[in-house]
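*Asks:* Here it is, the structure, as structure tokens.
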Amino acid sequence: MDLATLLGLIGALSAIGSSILLGGNAGAFVNLPSIVIVLGGTVAVTLMRFPLSHMLGAFGIALKAFVHKAERPSELVEQSMNLANIARKEGVLGLEEVEIDNAFLRRGIQFVVDGQDPELVERMLSKEIDLTIERNDEGIGIFRAIADAAPAMGMIGTLIGLVQMMSNMSDPKAIGPAMAVALLTTLYGAVLANAVALPIAEKLSHRNTEEKNNRSMILESIRAIQEGMNPRVMEELLKTYVFEKGRERTENKDEAA
Amino acid sequence: MDLATLLGLIGALSAIGSSILLGGNAGAFVNLPSIVIVLGGTVAVTLMRFPLSHMLGAFGIALKAFVHKAERPSELVEQSMNLANIARKEGVLGLEEVEIDNAFLRRGIQFVVDGQDPELVERMLSKEIDLTIERNDEGIGIFRAIADAAPAMGMIGTLIGLVQMMSNMSDPKAIGPAMAVALLTTLYGAVLANAVALPIAEKLSHRNTEEKNNRSMILESIRAIQEGMNPRVMEELLKTYVFEKGRERTENKDEAA
Amino acid sequence: MDLATLLGLIGALSAIGSSILLGGNAGAFVNLPSIVIVLGGTVAVTLMRFPLSHMLGAFGIALKAFVHKAERPSELVEQSMNLANIARKEGVLGLEEVEIDNAFLRRGIQFVVDGQDPELVERMLSKEIDLTIERNDEGIGIFRAIADAAPAMGMIGTLIGLVQMMSNMSDPKAIGPAMAVALLTTLYGAVLANAVALPIAEKLSHRNTEEKNNRSMILESIRAIQEGMNPRVMEELLKTYVFEKGRERTENKDEAA
Amino acid sequence: MDLATLLGLIGALSAIGSSILLGGNAGAFVNLPSIVIVLGGTVAVTLMRFPLSHMLGAFGIALKAFVHKAERPSELVEQSMNLANIARKEGVLGLEEVEIDNAFLRRGIQFVVDGQDPELVERMLSKEIDLTIERNDEGIGIFRAIADAAPAMGMIGTLIGLVQMMSNMSDPKAIGPAMAVALLTTLYGAVLANAVALPIAEKLSHRNTEEKNNRSMILESIRAIQEGMNPRVMEELLKTYVFEKGRERTENKDEAA
Amino acid sequence: MDLATLLGLIGALSAIGSSILLGGNAGAFVNLPSIVIVLGGTVAVTLMRFPLSHMLGAFGIALKAFVHKAERPSELVEQSMNLANIARKEGVLGLEEVEIDNAFLRRGIQFVVDGQDPELVERMLSKEIDLTIERNDEGIGIFRAIADAAPAMGMIGTLIGLVQMMSNMSDPKAIGPAMAVALLTTLYGAVLANAVALPIAEKLSHRNTEEKNNRSMILESIRAIQEGMNPRVMEELLKTYVFEKGRERTENKDEAA
């Protein structure tokens, strides 16, 4: 669980909600046609931008912003060192029996066991990292598209409301409430973009960078195992990828081991 | 057919249209001079930006956003593996007889059959990928230019309307309707940009990325065939380009074969 | 002649002009002090940004957007193939007599005739391409600077007008016309930027990309002639640079030859 | 201490504060619900964007903008030259005893003492530089996110205030004060973004560039020590990294030495 | 002297000033608290962004936009050719006596005289070019920061003025003048950013590119002298860096020589 996303979402909506409730007259903030044009229009415009299959996957991707699964670099270092030690003692074929959770590490180790050419292994794994990051970026792009489209649809809704109001201003008393309704779509668009879509896109982008760094480290490990690099040197190399606080902890474990 | 583009366009225009109709007085939203300045001005400004020949091709390019033709990576992998197997059994000359739909793959295989130097083949095909992507980007640029120009022309129209209204405010009752008309161009510009031109540009850009990845994979296949790479290794390499869901399906087929 | 630029400019100004004329009272749109602050201010601010010599060349550069001179890639391919055939039959010294229109191709062929080191030739010509593109980009930058400065000066003019109007509101009837005048500078700035400067910058940028591609192809030809590459292979290589419609035509010519 | 940050912050808040106090009626600028929506909303939205652990470290990172610790390049050059001289006289093992403050330099020297492969040392240290810069950028990103979110929350607050005011305009006298309150959130958001978050992000980004340059210089020193480069040449090389004013001073010291 | 900067600044301020004077009532445009918040706030916020030492150097940097010192590429070519001829006739040691104005060229020639390794010389000079450009960019960054901060402080000032005005609207006659004052800060911010800071930043950025190209050419000369390149070839190479008009003149001089 990535509590920060959930807490942040609840916090943002509470701040906005309490501000509405404190002013009394909360009913003035709910208007069905305004919801239709902002939500419906945003979904429709985003649908135009992406293939249908991507849109259907969007909820699943959004969930990833709330449920965190990225492995800790320090654990991956430990696991890689285990594999390196096994490869050193039993030869690379000894790696065949080991159960590996991380799919990317598993695929790489399989190449090592199969005795693939090191250069080719590196090319395949690098390419896979690039393409995975690119695919994730596309998923993230859906939320950036929503964050783009929502304020635009909000503005369109407000313009429609203003034109309606102004082309018929016989009753001066109706101007205020009509303008309030016209502004609602801008408000909806701003909330949808800034308090929902954009932060989710940013969180996912953050996760993507983490995954990229983890995979780069795994690629480094696989290269090291294939070269039969000295374990102490390899550990030194992998620790580069671990943030300093975590690094010290790993060091302590090493000493304990 | 890429239904998402069509459904999205219909959805966006419906959301906007229903919002107008619900307010009654839909006639207030149609104003010929406003249409002339936004549509005419946008087309004219876009014409200035691009060579005439590109503008004439714009409708054809826009159609590509609605009609999807990109081949599935998994099918291209299959086809490439077939070619590799033929080359392995009958030599590269055996490839001469094979019918190949994909023009880029066909061109590459022709080079292989002609016995061109591998390095030169790679250079030519890489260059062709780069230039094709660049040309497609230019086509996409027309829709980005429309999305830029439409709101600008909308703002110009609104400013003209406001100046006209303000320089002659003898009748206070006429102010409202005059302002409504002035706002119409901004509304038209916002709809044209955000609900039509921008999403089409984004969809086309998406297709362009897909095509680039497909062509990179084809280039990889041709290199592998020319090197006489082991088919299992080549398949492993090509599968990197296939999205995971599709990859599993390809694997099942492999097992069935 | 690049008619698209001229037609587009006329079209954009007509759309704006007709919108003004239809509203009657066209005189309200002409205000000398407003013209001074927007035009004068924009020129002055652009002058600050660029060296004087660049500014003086700006009109010449703008003309390039209206008068098109870029050679067609297919003609350059043909010319390069001729040169390659001469070099093949008579040796590179045979190239000395040939008249070459394109200055960049002429310079490159001169290097070949002089027997310069191929690596050095490539370095010099690549560097020249980079620096030419950079210089053109600076010229284009003037129009982007105008497109930046004009709306800013327009806004400054409007703010001045509003302050003048508001600091002296004794006559309510004068407010409307005063505000109309204040808005004029914003209108002028928007028209100058969006209907003149920005499209010219974009068209020039387009031409620059064309020239870069042409020169890259010429560089490729010169390299091929110097290497004594097989003409069929060289043609295959150069055709990569020709857009597909043009490519087919070139092929037909080849067959006819 | 980086006094500029503190002085600047005090100066900016004084300028804003005095402007408020001069207008009298400073109480009109304090409104609790407005503070809740801007501050609370901004924190919540930023929390959504980043992992919780990053947010907790944000205050520590902000402090770095006020308290300056980057070592001066000229001192690092001096220290590196000392190490090079020791290595020259006593061999690299003589470096083991030297106390080194800079953690990155210490780590690199340790590699040299351990007799690691130079290419590997370079790869590890380069990677560490890249990852450190990337991590710092993430920390800076929190302040950029605040600078993004604050004006957005300010606008949302103002829209809520305007809708409340307009949907209930029975008392014309209340309109002014209600609008004043509605504008407060936009004011808070603009101050938080432009006078606090953005300048802190920029200062930190500045420090990050300094650190990157320092570390690049250290990497260059370690490479030179490992290669056993001539000290005069090495000094010449390192001085490239020192800004000219500082460079002259170093030169004087050299002459004095 | 770079007259364009001075003429442009005078022109821009005249256009703005005359627009103010023509409207009469110029006194309405001077308001001390407004000047304090925009000027003071902008300086303070910029101070936060940069180290104190950079701020103190800002005036010196700004002067560079008015006083032009960049050497003409054609003169540098001539000087480099002289040095090459001396090196050819008297050996590189003959260069020791030559007086060289350009500090970068002098440093490079010193390396040649000292018999440094060519690869190292290239690395040092390239690094120096990169770091000099980076430092200049930082100096330019101060003016970009001012251009960012000034409109923001202007908006903050206007918001403060609007809140003050609206929270106390007892006297309808005071509304106009109060709003005029409120708008002044936005006007000041727009003028400071668009007519002063941004054009200076752009001019400096222009100079920086010129210096980078000059230094790249000097690096090329030094490499050529060290390699003992044929003078005619070297001249051909260096002329690539000279803009075409200047190039012809250099050629004439060559012929005259």
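Residue numbers start at 1 in each chain; chains themselves are named A, B, ... in the order of the structure tokens; ligands are numbered from 1 in the order shown.
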Wanna dump the chain A-chain B contacts at 9 Å for me, each residue with its shortest atom pair and the distance in Å to one decimal, counting only C-alpha atoms, ordered by chain and number, as a tab-separated table?
*Replies:*
residue	atom	partner	partner_atom	distance
A:Pro33	CA	B:Ser19	CA	6.2
A:Ser34	CA	B:Ser19	CA	7.7
A:Val36	CA	B:Ala15	CA	6.6
A:Ile37	CA	B:Ala15	CA	5.0
A:Val38	CA	B:Ala15	CA	8.2
A:Gly40	CA	B:Ala15	CA	6.2
A:Gly41	CA	B:Ala12	CA	4.7
A:Thr42	CA	B:Ala12	CA	7.6
A:Val43	CA	B:Gly8	CA	7.7
A:Ala44	CA	B:Gly8	CA	4.2
A:Val45	CA	B:Gly8	CA	5.6
A:Thr46	CA	B:Pro199	CA	7.3
A:Leu47	CA	B:Gly8	CA	5.1
A:Met48	CA	B:Thr5	CA	4.0
A:Arg49	CA	B:Lys203	CA	4.5
A:Phe50	CA	B:Lys203	CA	5.8
A:Pro51	CA	B:Ala4	CA	6.0
A:Leu52	CA	B:Ala4	CA	5.2
A:Ser53	CA	B:Ala4	CA	9.0
A:Gln116	CA	B:Val233	CA	8.0
A:Leu120	CA	B:Leu237	CA	8.4
A:Val121	CA	B:Leu237	CA	8.8
A:Arg123	CA	B:Leu237	CA	8.6
A:Met124	CA	B:Leu237	CA	5.9
A:Leu125	CA	B:Thr240	CA	8.1
A:Lys127	CA	B:Thr240	CA	7.0
A:Glu128	CA	B:Thr240	CA	5.5
A:Leu131	CA	B:Tyr241	CA	7.2
A:Thr132	CA	B:Phe243	CA	8.4
A:Arg135	CA	B:Phe243	CA	8.4
A:Glu138	CA	B:His206	CA	8.8
A:Ala149	CA	B:Asn194	CA	7.1
A:Ala152	CA	B:Asn194	CA	6.6
A:Met153	CA	B:Asn194	CA	7.9
A:Met155	CA	B:Ala190	CA	8.1
A:Ile156	CA	B:Leu187	CA	6.2
A:Gly157	CA	B:Ile16	CA	7.5
A:Leu159	CA	B:Leu187	CA	6.0
A:Ile160	CA	B:Ile20	CA	6.7
A:Gly161	CA	B:Gly23	CA	8.1
A:Leu162	CA	B:Ala180	CA	7.1
A:Val163	CA	B:Ala180	CA	4.5
A:Gln164	CA	B:Gly23	CA	6.7
A:Met165	CA	B:Ala180	CA	8.1
A:Met166	CA	B:Gly176	CA	4.6
A:Ser167	CA	B:Pro177	CA	4.3
A:Asn168	CA	B:Pro177	CA	7.1
A:Met169	CA	B:Gly176	CA	6.5
A:Ser170	CA	B:Lys173	CA	8.5
*Asks:* Residues of segment 131-219 of chain C within 9 Å of segment 74-88 of chain C: nearest atom pair and distance (Å, one decimal) for each, counting only C-alpha atoms, sorted by chain and number, as JSON lines?
*Replies:*
{"residue": "C:Asn214", "atom": "CA", "partner": "C:Leu76", "partner_atom": "CA", "distance": 7.7}
{"residue": "C:Met217", "atom": "CA", "partner": "C:Val77", "partner_atom": "CA", "distance": 8.1}
{"residue": "C:Ile218", "atom": "CA", "partner": "C:Ser80", "partner_atom": "CA", "distance": 7.5}
*Asks:* Go ahead and dump the residues you just picked, all heavy atoms, as an mmCIF file, in the first residue's frame.
*Replies:*
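Below you can see again03.cif, which holds the result:
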data_model
loop_
_atom_site.group_PDB
_atom_site.id
_atom_site.type_symbol
_atom_site.label_atom_id
_atom_site.label_comp_id
_atom_site.auth_asym_id
_atom_site.auth_seq_id
_atom_site.Cartn_x
_atom_site.Cartn_y
_atom_site.Cartn_z
ATOM 1 N N ASN C 214 18.127 17.686 -47.137
ATOM 2 C CA ASN C 214 18.805 17.729 -48.433
ATOM 3 C C ASN C 214 20.318 17.655 -48.255
ATOM 4 O O ASN C 214 21.000 16.911 -48.960
ATOM 5 C CB ASN C 214 18.455 19.019 -49.185
ATOM 6 C CG ASN C 214 17.114 18.920 -49.883
ATOM 7 O OD1 ASN C 214 16.494 17.850 -49.891
ATOM 8 N ND2 ASN C 214 16.659 20.017 -50.471
ATOM 9 N N MET C 217 21.586 14.306 -47.305
ATOM 10 C CA MET C 217 21.632 13.416 -48.458
ATOM 11 C C MET C 217 22.846 13.726 -49.316
ATOM 12 O O MET C 217 23.520 12.820 -49.807
ATOM 13 C CB MET C 217 20.363 13.565 -49.285
ATOM 14 C CG MET C 217 20.228 12.436 -50.287
ATOM 15 S SD MET C 217 18.933 12.801 -51.450
ATOM 16 C CE MET C 217 19.616 14.269 -52.208
ATOM 17 N N ILE C 218 23.152 15.007 -49.502
ATOM 18 C CA ILE C 218 24.320 15.380 -50.300
ATOM 19 C C ILE C 218 25.591 14.835 -49.638
ATOM 20 O O ILE C 218 26.477 14.295 -50.304
ATOM 21 C CB ILE C 218 24.385 16.915 -50.456
ATOM 22 C CG1 ILE C 218 23.257 17.381 -51.384
ATOM 23 C CG2 ILE C 218 25.739 17.353 -51.005
ATOM 24 C CD1 ILE C 218 23.126 18.886 -51.488
#
*Asks:* Would you compute the distance between atom CA of Ile222 of chain D and atom CA of Ala70 of chain D? Give it in Å to one decimal.
*Replies:* 19.2 Å
*Asks:* Quick one, how far is atom CA of Met55 of chain C from atom CA of Ile142 of chain C?
*Replies:*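 About the pair atom CA of Met55 of chain C and atom CA of Ile142 of chain C: they are 7.5 Å apart.
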*Asks:* Hey, which of B:Val113, B:Pro231, B:Ala197, B:Thr158 ends up closest to Ile140 of chain B? Count only C-alpha atoms.
*Replies:*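 That would be B:Ala197, the residue with the smallest distance to Ile140 of chain B.
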